[in-house]
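I have placed the structure first, in the form of structure tokens, so that the comments after it can refer back to it.
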Amino acid sequence: MHILVCVKQTPKSDNVKIDPATGCLIRSGSESAINPFDEYALEEAVTLKEQEGGRVSVITMGPPQAQQVLRDSIARGADEVYQLGDRALAGSDTWSTSYALAKGIEKINGLSPVDLIICGKQTNDSDTGHIGPQISAWLNLPNAAFVKKVIRVSKKSIVVERLTEDGSEVLELPFPCVLSVVKEINKPRVRSVKGRLAAKKATIVTWNADDIQADKTMLGIANCPTKVVKSFTPKHENTATIVEGNNGKEKGTKLVALLKENHFI
Ligand SMILES: Cc1cc2nc3c(=O)[nH]c(=O)nc-3n(C[C@H](O)[C@H](O)[C@H](O)COP(=O)(O)OP(=O)(O)OC[C@H]3O[C@@H](n4cnc5c(N)ncnc54)[C@H](O)[C@@H]3O)c2cc1C
């Protein structure tokens with residue numbers, strides 16, 4: 001079984017700042033790591049490899065420093081790692097990012113057919129949750145998002161339980177397919193010493209837009225269909241209304257009237 005995991009390097013803190021002039025994330029100066037949800041995606045892939053046999057490849061799209069998450073992926077049990085790194089990709093929106101990742105996956109699939117693609121549910125910086133479903137759309141593959149459990153794997157399909165708004169549902173997807181996983185799916189393991197040593201020596205395959213035969217008119221900030229018109233940090237104003245009264249009953253009556261007046265009840 002060949003499992004491919006999509007991993008993104010994101011800022012370690014949730015305190016992500018945005019450049020008000022360009023609408024882009026300010027990444028310089030902030031410590032980066034593997035996106036938290038991607039740790040679960042990778043752990044699930046490595047667990048499936050251990051159960052079913054096969055290997056795990058990892059792909060990331062990002063600048064040179066994103067190679068750090070690829071080495072980290074090797075330390076966590078991945079076998080091969082690929083980086084899409086090209087200035088033409090800079091500033092891509094999710095449509096453009098998922099297109100480039102899909103082209104990279106197509107290339108990896110040409111080298112060795114991919115059975116399963118696993119993404120995290122979302123990132124902790126842009127946080128859209130678009131990429132997994134969009135990759136499945138570009139590659140015309142079945143997709144299940146918010147997967148909390150892998151129930152069964154056979155030669156031809158995988159049975160998963162996914163979260164829905166009011167509970168969960170069980171789906172069977174034929175291979176090849178795309179999953180996006182939530183944190184409930186597993187508990188990521190600690191990196192082994194052997195893994196850390198392998199990470200230091202690992203070869204990172206780096207491709208540019210031409211290598212993956214991507215159409216450059218679909219890449220980068222100039223070609224994205226979505227534009228950041230304005231971005232800002234919402235102001236948190238702490239306001240409070242103190243309900244006065246001679247006793248609890250009077251205060252309660254006034255509070256109910258106030259809530260009704262403001263259409264809260
Ligand atoms: C209009 C617009 C303009 C943007 N401009 C910029 C910009 O100028 N500069 C900039 O840095 N960002 C920019 N972004 C953000 C960039 O598009 C996203 O970071 C990227 O598309 C991934 O989306 P996400 O972080 O929401 O991923 P999600 O969809 O939340 O991630 C889900 C999963 O997809 C996978 N994944 C996501 N991204 C990657 C990746 N790069 N490599 C491998 N796997 C991945 C991971 O498994 C992840 O858990 C822009 C976004 C928009 C909408």
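Going by the structure tokens order, chains are called A, B, ..., each with residues numbered from 1, while ligands are numbered from 1 in the order shown.
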
TODO: Run DSSP on the backbone and give me the residues of stretch 87-147 of chain A it puts in strand (DSSP E or B), as a list in words.
DONE: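 Written out, the strand (DSSP E or B) residues of stretch 87-147 of chain A are Leu116, Ile117, Ile118, Cys119, Gly120, Asn143, Ala144, Ala145, Phe146 and Val147 of chain A.
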
Open item on the list: Write out as a ChimeraX atom specification the set of residues from stretch 139-239 of chain A that DSSP, computed on the backbone, places in alpha helix (DSSP H).
Closed with: /A:139,193-201

With N, CA, C and O atoms kept, could you save the residues just selected as an mmCIF file, in the first residue's frame?
```
data_model
loop_
_atom_site.group_PDB
_atom_site.id
_atom_site.type_symbol
_atom_site.label_atom_id
_atom_site.label_comp_id
_atom_site.auth_asym_id
_atom_site.auth_seq_id
_atom_site.Cartn_x
_atom_site.Cartn_y
_atom_site.Cartn_z
ATOM 1 N N LEU A 139 -8.115 15.650 -8.714
ATOM 2 C CA LEU A 139 -7.708 14.307 -9.168
ATOM 3 C C LEU A 139 -8.905 13.404 -9.445
ATOM 4 O O LEU A 139 -8.736 12.242 -9.831
ATOM 5 N N VAL A 193 14.818 7.362 18.045
ATOM 6 C CA VAL A 193 16.210 7.765 17.797
ATOM 7 C C VAL A 193 16.596 7.360 16.379
ATOM 8 O O VAL A 193 17.219 8.122 15.624
ATOM 9 N N LYS A 194 16.169 6.127 15.992
ATOM 10 C CA LYS A 194 16.453 5.636 14.637
ATOM 11 C C LYS A 194 15.852 6.597 13.582
ATOM 12 O O LYS A 194 16.481 6.926 12.578
ATOM 13 N N GLY A 195 14.641 7.035 13.873
ATOM 14 C CA GLY A 195 13.962 7.957 12.963
ATOM 15 C C GLY A 195 14.701 9.284 12.848
ATOM 16 O O GLY A 195 14.854 9.836 11.760
ATOM 17 N N ARG A 196 15.158 9.784 13.983
ATOM 18 C CA ARG A 196 15.886 11.066 13.978
ATOM 19 C C ARG A 196 17.173 10.967 13.161
ATOM 20 O O ARG A 196 17.541 11.884 12.437
ATOM 21 N N LEU A 197 17.844 9.820 13.281
ATOM 22 C CA LEU A 197 19.080 9.629 12.514
ATOM 23 C C LEU A 197 18.763 9.551 11.022
ATOM 24 O O LEU A 197 19.444 10.147 10.187
ATOM 25 N N ALA A 198 17.697 8.808 10.700
ATOM 26 C CA ALA A 198 17.289 8.690 9.286
ATOM 27 C C ALA A 198 16.927 10.060 8.723
ATOM 28 O O ALA A 198 17.222 10.375 7.564
ATOM 29 N N ALA A 199 16.301 10.897 9.557
ATOM 30 C CA ALA A 199 15.870 12.232 9.108
ATOM 31 C C ALA A 199 17.069 13.081 8.677
ATOM 32 O O ALA A 199 16.995 13.830 7.699
ATOM 33 N N LYS A 200 18.162 12.952 9.422
ATOM 34 C CA LYS A 200 19.356 13.754 9.109
ATOM 35 C C LYS A 200 19.906 13.392 7.738
ATOM 36 O O LYS A 200 20.379 14.245 6.997
ATOM 37 N N LYS A 201 19.844 12.088 7.408
ATOM 38 C CA LYS A 201 20.454 11.623 6.156
ATOM 39 C C LYS A 201 19.483 11.636 4.965
ATOM 40 O O LYS A 201 19.887 11.388 3.841
#
```

Task: Straight-line distance linking atom CA of A:Val181 with atom CA of A:Lys148, stated in Å to one decimal - done: 6.2 Å

- [ ] Extract, using only C-alpha atoms, all DNA, RNA and protein residues at most 7 Å from A:Gly62, discarding same-chain residues fewer than 4 positions from it, and format them as a ChimeraX atom specification.
- [x] /A:66,84-85

Output all heavy atoms for every residue in the selection just made, as a PDB file, in the first residue's frame.
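Saved to part37.pdb:
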```pdb
ATOM      1  N   ALA A  66      10.717  24.832   4.587  1.00  0.00           N
ATOM      2  CA  ALA A  66       9.677  23.798   4.777  1.00  0.00           C
ATOM      3  C   ALA A  66      10.283  22.392   4.746  1.00  0.00           C
ATOM      4  O   ALA A  66       9.621  21.420   5.129  1.00  0.00           O
ATOM      5  CB  ALA A  66       8.592  23.943   3.713  1.00  0.00           C
ATOM      6  N   LEU A  84       7.541  20.773  -3.043  1.00  0.00           N
ATOM      7  CA  LEU A  84       7.256  21.634  -4.192  1.00  0.00           C
ATOM      8  C   LEU A  84       7.740  23.014  -3.795  1.00  0.00           C
ATOM      9  O   LEU A  84       7.141  23.653  -2.906  1.00  0.00           O
ATOM     10  CB  LEU A  84       5.758  21.662  -4.502  1.00  0.00           C
ATOM     11  CG  LEU A  84       5.078  20.320  -4.764  1.00  0.00           C
ATOM     12  CD1 LEU A  84       3.616  20.529  -5.129  1.00  0.00           C
ATOM     13  CD2 LEU A  84       5.802  19.553  -5.874  1.00  0.00           C
ATOM     14  N   GLY A  85       8.842  23.425  -4.360  1.00  0.00           N
ATOM     15  CA  GLY A  85       9.413  24.710  -3.986  1.00  0.00           C
ATOM     16  C   GLY A  85       9.761  25.485  -5.237  1.00  0.00           C
ATOM     17  O   GLY A  85      10.611  25.073  -6.015  1.00  0.00           O
TER      18      GLY A  85
END
```

Open item on the list: For a quick check of understanding, using only C-alpha atoms, which of A:Ser13, A:Ser73, A:Ser231, A:Asn246 has the smallest distance to A:Ala41?
Closed with: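 Going through A:Ser13, A:Ser73, A:Ser231, A:Asn246 one by one, the smallest distance to A:Ala41 is for A:Ser73.
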
Open item on the list: Here is a test: counting only C-alpha atoms and all ligand atoms, which residue of A:Gln134, A:Gln67, A:Thr217, A:Thr226 is nearest to ligand 1?
Closed with: A:Thr226

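Nearest residue to ligand 1, choosing from A:Thr203, A:Asn124, A:Ser192, A:Asn208 and counting only C-alpha atoms and all ligand atoms: A:Asn124.
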
- [ ] Using only C-alpha atoms and all ligand atoms, find the one residue out of A:Asn109, A:Gln83, A:Thr128, A:Gln68 that sits nearest to ligand 1.
- [x]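 Answer, going by the shortest atom-to-atom distance: A:Thr128.
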
- [ ] Extract, using only C-alpha atoms, all DNA, RNA and protein residues at most 8 Å from A:Phe37, discarding same-chain residues fewer than 6 positions from it, and format them as an MDAnalysis selection string.
- [x] chainID A and resid 120:123 181:183

Task: Nearest residue to ligand 1 from the set A:Cys177, A:Ala222, A:Leu255, A:Leu48 (distances using only C-alpha atoms and all ligand atoms) - done: A:Ala222

Open item on the list: Measuring between only C-alpha atoms, which one of A:Ile185, A:Val256, A:Leu116, A:Lys107 shows the shortest distance to A:Lys156?
Closed with: A:Leu116

Open item on the list: At a cut-off of 6 Å, using only C-alpha atoms, what residues contact A:Gly54? Leave out same-chain residues fewer than 2 positions from it and give the result as a list in words.
Closed with: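 Near neighbours after the sequence-gap exclusion: Met1, His2 and Lys49 of chain A.
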
Open item on the list: Would you pick out the contacts of stretch 140-143 of chain A at 9 Å or less, using only C-alpha atoms, so that residues sharing its chain but fewer than 4 positions from it are not included, and give the list as a ChimeraX atom specification?
Closed with: /A:132-133,135-136,173-180

Open item on the list: I'd like the interatomic distance between atom CA of A:Lys187 and atom 32 (C, counted along the ligand's line) of ligand 1, to a tenth of an Å.
Closed with: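 Interatomic distance here is 18.6 Å.
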